[in-house]
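K.L.:
Below you'll find model17.cif; it's mmCIF, C-alpha atoms.
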```cif
data_protein
#
loop_
_atom_site.label_atom_id
_atom_site.label_comp_id
_atom_site.auth_asym_id
_atom_site.auth_seq_id
_atom_site.Cartn_x
_atom_site.Cartn_y
_atom_site.Cartn_z
CA MET D 645 49.64 -75.70 24.39
CA ASN D 646 46.48 -76.37 26.18
CA PRO D 647 43.27 -74.42 25.56
CA ARG D 648 43.79 -72.21 28.64
CA GLN D 649 47.17 -71.12 27.52
CA ALA D 650 45.78 -70.42 24.07
CA LYS D 651 43.10 -68.16 25.56
CA LYS D 652 45.67 -66.33 27.65
CA GLN D 653 47.85 -65.89 24.65
CA ASP D 654 44.82 -64.60 22.62
CA ASN D 655 44.05 -62.16 25.44
CA LYS D 656 47.61 -60.88 25.41
CA VAL D 657 47.47 -60.38 21.71
CA THR D 658 44.13 -58.67 21.99
CA THR D 659 45.39 -56.51 24.80
CA ASN D 660 48.47 -55.53 22.87
CA THR D 661 46.38 -54.82 19.82
CA THR D 662 43.93 -52.74 21.83
CA VAL D 663 46.70 -50.67 23.29
CA ASP D 664 48.12 -50.12 19.88
CA THR D 665 44.68 -49.19 18.58
CA LYS D 666 44.13 -46.77 21.46
CA ASP D 667 47.46 -45.10 20.77
CA ILE D 668 46.65 -44.84 17.11
CA LYS D 669 43.20 -43.46 17.85
CA ALA D 670 44.62 -40.90 20.26
CA GLU D 671 47.24 -39.78 17.76
CA ALA D 672 44.59 -39.60 15.01
CA ALA D 673 42.31 -37.59 17.27
CA LYS D 674 45.13 -35.12 18.02
CA ALA D 675 45.88 -34.80 14.32
CA ASP D 676 42.18 -34.33 13.51
CA THR D 677 41.92 -31.68 16.23
CA LYS D 678 44.89 -29.80 14.83
CA GLU D 679 43.44 -29.99 11.33
CA ALA D 680 40.01 -28.97 12.64
CA VAL D 681 41.52 -25.98 14.45
CA LYS D 682 43.30 -24.98 11.26
CA ALA D 683 40.14 -25.55 9.20
CA GLU D 684 37.83 -23.71 11.65
CA PRO D 685 39.09 -20.23 10.83
CA ALA D 686 38.62 -21.00 7.16
CA LYS D 687 35.12 -22.34 7.84
CA THR D 688 34.33 -19.31 9.98
CA GLU D 689 35.48 -16.98 7.23
CA ASP D 690 33.43 -18.94 4.71
CA THR D 691 30.44 -18.85 7.04
CA VAL D 692 30.80 -15.09 7.50
CA LYS D 693 31.08 -14.62 3.74
CA GLU D 694 28.04 -16.82 3.13
CA THR D 695 26.06 -14.99 5.80
CA ALA D 696 27.07 -11.66 4.29
CA LYS D 697 26.03 -12.90 0.85
CA LYS D 698 22.69 -14.12 2.18
CA SER D 699 22.01 -10.87 4.01
CA SER D 700 22.96 -8.83 0.96
CA GLU D 701 20.71 -11.05 -1.15
CA LYS D 702 17.88 -10.52 1.34
CA LYS D 703 18.48 -6.76 1.24
CA THR D 704 18.49 -6.86 -2.55
CA VAL D 705 15.26 -8.86 -2.57
CA ALA D 706 13.72 -6.44 -0.07
CA LYS D 707 14.84 -3.43 -2.14
CA LYS D 708 13.36 -5.00 -5.27
CA ALA D 709 10.08 -5.67 -3.45
CA VAL D 710 9.95 -2.06 -2.24
CA GLU D 711 10.71 -0.80 -5.75
CA LYS D 712 7.93 -2.98 -7.20
CA LYS D 713 5.53 -1.70 -4.56
CA ASN D 714 6.49 1.92 -5.29
CA GLU D 715 6.03 1.32 -9.02
CA ALA D 716 2.59 -0.19 -8.39
CA VAL D 717 1.60 2.79 -6.24
CA ALA D 718 2.82 5.18 -8.94
CA GLU D 719 0.77 3.34 -11.56
CA ILE D 720 -2.33 3.51 -9.36
CA LYS D 721 -1.81 7.23 -8.81
CA LYS D 722 -1.49 7.78 -12.55
CA ALA D 723 -4.68 5.82 -13.18
CA VAL D 724 -6.52 7.81 -10.51
CA GLU D 725 -5.26 11.09 -11.96
CA LYS D 726 -6.40 10.09 -15.44
CA THR D 727 -9.82 9.07 -14.14
CA THR D 728 -10.15 12.26 -12.10
CA ALA D 729 -9.09 14.39 -15.05
CA LYS D 730 -11.68 12.72 -17.28
CA LYS D 731 -14.44 13.25 -14.70
CA ALA D 732 -13.49 16.89 -14.21
CA VAL D 733 -13.61 17.52 -17.94
CA LYS D 734 -17.06 15.94 -18.18
CA LYS D 735 -18.45 18.03 -15.31
CA GLU D 736 -17.20 21.26 -16.82
CA ALA D 737 -18.61 20.41 -20.23
CA VAL D 738 -22.08 19.58 -18.83
CA ALA D 739 -22.80 23.02 -17.28
CA PRO D 740 -24.72 24.86 -20.02
CA GLN D 741 -25.75 28.50 -19.84
CA ILE D 742 -29.54 28.79 -19.90
CA VAL D 743 -31.15 32.02 -21.03
CA VAL D 744 -34.86 32.82 -20.69
CA GLN D 745 -36.28 35.24 -23.31
CA TYR D 746 -39.75 36.73 -23.24
CA ASP D 747 -41.25 39.77 -24.90
CA GLY D 748 -37.91 41.33 -25.77
CA SER D 749 -36.34 40.73 -22.33
CA GLU D 750 -33.91 38.03 -21.28
CA ALA D 751 -32.32 36.67 -18.11
CA THR D 752 -29.83 33.88 -17.36
CA VAL D 753 -30.59 31.18 -14.87
CA GLU D 754 -27.40 32.04 -12.95
CA ALA D 755 -28.59 35.64 -12.50
CA ILE D 756 -31.97 34.43 -11.25
CA VAL D 757 -30.31 32.05 -8.74
CA GLU D 758 -28.12 34.94 -7.50
CA LYS D 759 -31.24 37.12 -6.97
CA ILE D 760 -32.94 34.29 -5.05
CA THR D 761 -29.85 33.73 -2.85
CA ALA D 762 -29.52 37.47 -2.17
CA GLU D 763 -33.19 37.71 -1.10
CA TYR D 764 -32.85 34.60 1.13
CA VAL D 765 -29.76 36.10 2.83
CA SER D 766 -31.53 39.47 3.27
CA GLU D 767 -34.24 37.65 5.24
CA GLY D 768 -31.57 36.68 7.82
CA HIS D 769 -30.56 33.22 6.55
CA ARG D 770 -27.10 32.03 5.55
CA ALA D 771 -26.36 31.16 1.94
CA SER D 772 -24.54 28.01 3.07
CA SER D 773 -27.77 26.68 4.59
CA ILE D 774 -29.31 26.19 1.14
CA LYS D 775 -29.38 22.45 0.50
CA ASP D 776 -32.24 22.25 -1.99
CA LEU D 777 -33.42 24.95 -4.41
CA ARG D 778 -36.34 24.67 -6.81
CA VAL D 779 -37.00 27.47 -9.25
CA TYR D 780 -40.22 27.90 -11.28
CA LEU D 781 -40.06 30.43 -14.12
CA LYS D 782 -43.26 32.19 -15.21
CA PRO D 783 -42.29 34.70 -17.91
CA GLU D 784 -45.86 35.89 -18.53
CA ASP D 785 -45.93 37.21 -14.94
CA GLY D 786 -42.27 38.29 -15.10
CA LEU D 787 -41.52 36.34 -11.90
CA ALA D 788 -39.39 33.42 -10.77
CA TYR D 789 -40.95 31.46 -7.92
CA TYR D 790 -38.67 29.46 -5.62
CA VAL D 791 -38.72 26.97 -2.75
CA ILE D 792 -35.63 26.57 -0.54
CA ASN D 793 -35.12 23.40 1.52
CA GLU D 794 -38.85 22.66 1.10
CA LYS D 795 -39.58 25.27 3.83
CA VAL D 796 -39.10 28.81 2.51
CA ALA D 797 -41.04 29.97 -0.56
CA GLY D 798 -40.91 33.28 -2.41
CA SER D 799 -40.56 35.03 -5.72
CA VAL D 800 -38.14 37.42 -7.45
CA SER D 801 -38.40 39.57 -10.53
CA LEU D 802 -37.44 37.60 -13.60
CA PHE D 803 -36.16 40.48 -15.77
#
```
Could you quickly redo this structure as C-alpha cells?
P.N.:
Amino acid sequence: MNPRQAKKQDNKVTTNTTVDTKDIKAEAAKADTKEAVKAEPAKTEDTVKETAKKSSEKKTVAKKAVEKKNEAVAEIKKAVEKTTAKKAVKKEAVAPQIVVQYDGSEATVEAIVEKITAEYVSEGHRASSIKDLRVYLKPEDGLAYYVINEKVAGSVSLF
C-alpha cells in the first residue's frame, strides 16, 4: 500500500466510525429525551412542592414577624398605661384643700375661686376665657383681691 491508499483507507475508517458515532449519539439523544420527558413531571412536581414549601415558610415568617410586632405594640401600650396611671395618681394626690381662717370665720380656696368666676361671668365674660388667675387674700379686710388674664382686677368677700 502506498501512502495515498493508506490515507483513503484511514478516511473510510474515520467516515465509518463517524457514522457509527452519529447513530449512537442520535440514539442516546432520543433515550435522554425520553428519560427527560419522564423526569420532567417529577421535577415539576418537586418544584411545585418546593415552591409551596418556600411560600408557606415565607408566610410563616411573615406571621411570626406580625406577631412579634403586635407583641411589641402591646408591651408599649402596657408601659404607657402604667406611666399614665402613675402620673394620674400623682396629680390627684397633689391637690390639697386649703382653708383660710380668721377671727372665727373660714373659707376654702375653691369657694373663693368659684365666687371670683361667678363675678367675672356676671360682668359679661365667659368662664372659659380665664387663662390666668391670681388671688390675693387679705383676711383683715375680709376680701380676696384677684387679677384675671392680667387685665381684669376686682375683689370678692372672703367670708
K.L.:
With 4 Å of padding per side, what axis-aligned box (centre and edge lengths, Å, one decimal) covers all the listed atoms of region 794-800 of chain D? Give it as AutoDock Vina command-line options.
P.N.:
```
--center_x -39.6 --center_y 30.0 --center_z -1.8 --size_x 10.9 --size_y 22.8 --size_z 19.3
```
K.L.:
When you draw a straight line from CA of Asp747 (chain D) to CA of Leu787 (chain D), how long is it in Å?
P.N.:
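If I compute the distance from CA of Asp747 (chain D) to CA of Leu787 (chain D), I get 13.4 Å.
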K.L.:
Enumerate, as a VMD selection string, the protein, DNA and RNA residues whose atoms approach (-33.5, 25.2, -9.1) to within 10 Å, taking into account all atoms listed in the file and the coordinate frame of the file.
P.N.:
chain D and resid 753 to 754 756 to 757 760 776 to 781 789 to 792
K.L.:
Kindly export the residues of the current selection with C-alpha atoms, as a tab-separated table (two decimals), keeping the file's coordinate frame.
P.N.:
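Output (result-v2.tsv):
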```tsv
chain	number	residue	atom	x	y	z
D	753	VAL	CA	-30.59	31.18	-14.87
D	754	GLU	CA	-27.40	32.04	-12.95
D	756	ILE	CA	-31.97	34.43	-11.25
D	757	VAL	CA	-30.31	32.05	-8.74
D	760	ILE	CA	-32.94	34.29	-5.05
D	776	ASP	CA	-32.24	22.25	-1.99
D	777	LEU	CA	-33.42	24.95	-4.41
D	778	ARG	CA	-36.34	24.67	-6.81
D	779	VAL	CA	-37.00	27.47	-9.25
D	780	TYR	CA	-40.22	27.90	-11.28
D	781	LEU	CA	-40.06	30.43	-14.12
D	789	TYR	CA	-40.95	31.46	-7.92
D	790	TYR	CA	-38.67	29.46	-5.62
D	791	VAL	CA	-38.72	26.97	-2.75
D	792	ILE	CA	-35.63	26.57	-0.54
```
K.L.:
Can you work out the spacing between CA of Lys782 (chain D) and CA of Glu767 (chain D) in Å, to one decimal?
P.N.:
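Here the two named atoms are 23.0 Å from each other.
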K.L.:
Could you add N, CA and C atoms to region 783-802 of chain D and give me the result as a PDB file, in the coordinates of the input?
P.N.:
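And here's out25.pdb as it stands now:
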```
ATOM      1  N   PRO D 783     -42.605  33.468 -17.186  1.00  0.00           N
ATOM      2  CA  PRO D 783     -42.290  34.700 -17.910  1.00  0.00           C
ATOM      3  C   PRO D 783     -43.498  35.616 -18.157  1.00  0.00           C
ATOM      4  N   GLU D 784     -44.694  35.044 -18.294  1.00  0.00           N
ATOM      5  CA  GLU D 784     -45.860  35.890 -18.530  1.00  0.00           C
ATOM      6  C   GLU D 784     -46.161  36.808 -17.342  1.00  0.00           C
ATOM      7  N   ASP D 785     -45.772  36.362 -16.130  1.00  0.00           N
ATOM      8  CA  ASP D 785     -45.930  37.210 -14.940  1.00  0.00           C
ATOM      9  C   ASP D 785     -44.658  38.011 -14.667  1.00  0.00           C
ATOM     10  N   GLY D 786     -43.549  37.614 -15.308  1.00  0.00           N
ATOM     11  CA  GLY D 786     -42.270  38.290 -15.100  1.00  0.00           C
ATOM     12  C   GLY D 786     -41.651  37.935 -13.749  1.00  0.00           C
ATOM     13  N   LEU D 787     -42.009  36.738 -13.216  1.00  0.00           N
ATOM     14  CA  LEU D 787     -41.520  36.340 -11.900  1.00  0.00           C
ATOM     15  C   LEU D 787     -40.888  34.948 -11.955  1.00  0.00           C
ATOM     16  N   ALA D 788     -39.980  34.736 -10.987  1.00  0.00           N
ATOM     17  CA  ALA D 788     -39.390  33.420 -10.770  1.00  0.00           C
ATOM     18  C   ALA D 788     -39.768  33.019  -9.352  1.00  0.00           C
ATOM     19  N   TYR D 789     -40.534  31.949  -9.240  1.00  0.00           N
ATOM     20  CA  TYR D 789     -40.950  31.460  -7.920  1.00  0.00           C
ATOM     21  C   TYR D 789     -39.934  30.416  -7.446  1.00  0.00           C
ATOM     22  N   TYR D 790     -39.678  30.390  -6.148  1.00  0.00           N
ATOM     23  CA  TYR D 790     -38.670  29.460  -5.620  1.00  0.00           C
ATOM     24  C   TYR D 790     -39.131  28.838  -4.312  1.00  0.00           C
ATOM     25  N   VAL D 791     -38.530  27.664  -4.018  1.00  0.00           N
ATOM     26  CA  VAL D 791     -38.720  26.970  -2.750  1.00  0.00           C
ATOM     27  C   VAL D 791     -37.335  26.516  -2.304  1.00  0.00           C
ATOM     28  N   ILE D 792     -36.947  26.929  -1.072  1.00  0.00           N
ATOM     29  CA  ILE D 792     -35.630  26.570  -0.540  1.00  0.00           C
ATOM     30  C   ILE D 792     -35.806  25.582   0.601  1.00  0.00           C
ATOM     31  N   ASN D 793     -35.121  24.467   0.507  1.00  0.00           N
ATOM     32  CA  ASN D 793     -35.120  23.400   1.520  1.00  0.00           C
ATOM     33  C   ASN D 793     -36.550  22.938   1.872  1.00  0.00           C
ATOM     34  N   GLU D 794     -37.454  23.063   0.934  1.00  0.00           N
ATOM     35  CA  GLU D 794     -38.850  22.660   1.100  1.00  0.00           C
ATOM     36  C   GLU D 794     -39.527  23.361   2.293  1.00  0.00           C
ATOM     37  N   LYS D 795     -39.016  24.535   2.696  1.00  0.00           N
ATOM     38  CA  LYS D 795     -39.580  25.270   3.830  1.00  0.00           C
ATOM     39  C   LYS D 795     -39.897  26.728   3.476  1.00  0.00           C
ATOM     40  N   VAL D 796     -38.965  27.391   2.787  1.00  0.00           N
ATOM     41  CA  VAL D 796     -39.100  28.810   2.510  1.00  0.00           C
ATOM     42  C   VAL D 796     -39.492  28.980   1.044  1.00  0.00           C
ATOM     43  N   ALA D 797     -40.563  29.729   0.799  1.00  0.00           N
ATOM     44  CA  ALA D 797     -41.040  29.970  -0.560  1.00  0.00           C
ATOM     45  C   ALA D 797     -41.062  31.485  -0.797  1.00  0.00           C
ATOM     46  N   GLY D 798     -40.891  31.864  -2.061  1.00  0.00           N
ATOM     47  CA  GLY D 798     -40.910  33.280  -2.410  1.00  0.00           C
ATOM     48  C   GLY D 798     -40.816  33.468  -3.898  1.00  0.00           C
ATOM     49  N   SER D 799     -40.675  34.725  -4.306  1.00  0.00           N
ATOM     50  CA  SER D 799     -40.560  35.030  -5.720  1.00  0.00           C
ATOM     51  C   SER D 799     -39.640  36.236  -5.900  1.00  0.00           C
ATOM     52  N   VAL D 800     -38.997  36.295  -7.072  1.00  0.00           N
ATOM     53  CA  VAL D 800     -38.140  37.420  -7.450  1.00  0.00           C
ATOM     54  C   VAL D 800     -38.503  37.830  -8.873  1.00  0.00           C
ATOM     55  N   SER D 801     -38.151  39.075  -9.193  1.00  0.00           N
ATOM     56  CA  SER D 801     -38.400  39.570 -10.530  1.00  0.00           C
ATOM     57  C   SER D 801     -37.537  38.806 -11.530  1.00  0.00           C
ATOM     58  N   LEU D 802     -38.152  38.399 -12.611  1.00  0.00           N
ATOM     59  CA  LEU D 802     -37.440  37.600 -13.600  1.00  0.00           C
ATOM     60  C   LEU D 802     -36.511  38.453 -14.463  1.00  0.00           C
TER      61      LEU D 802
END
```
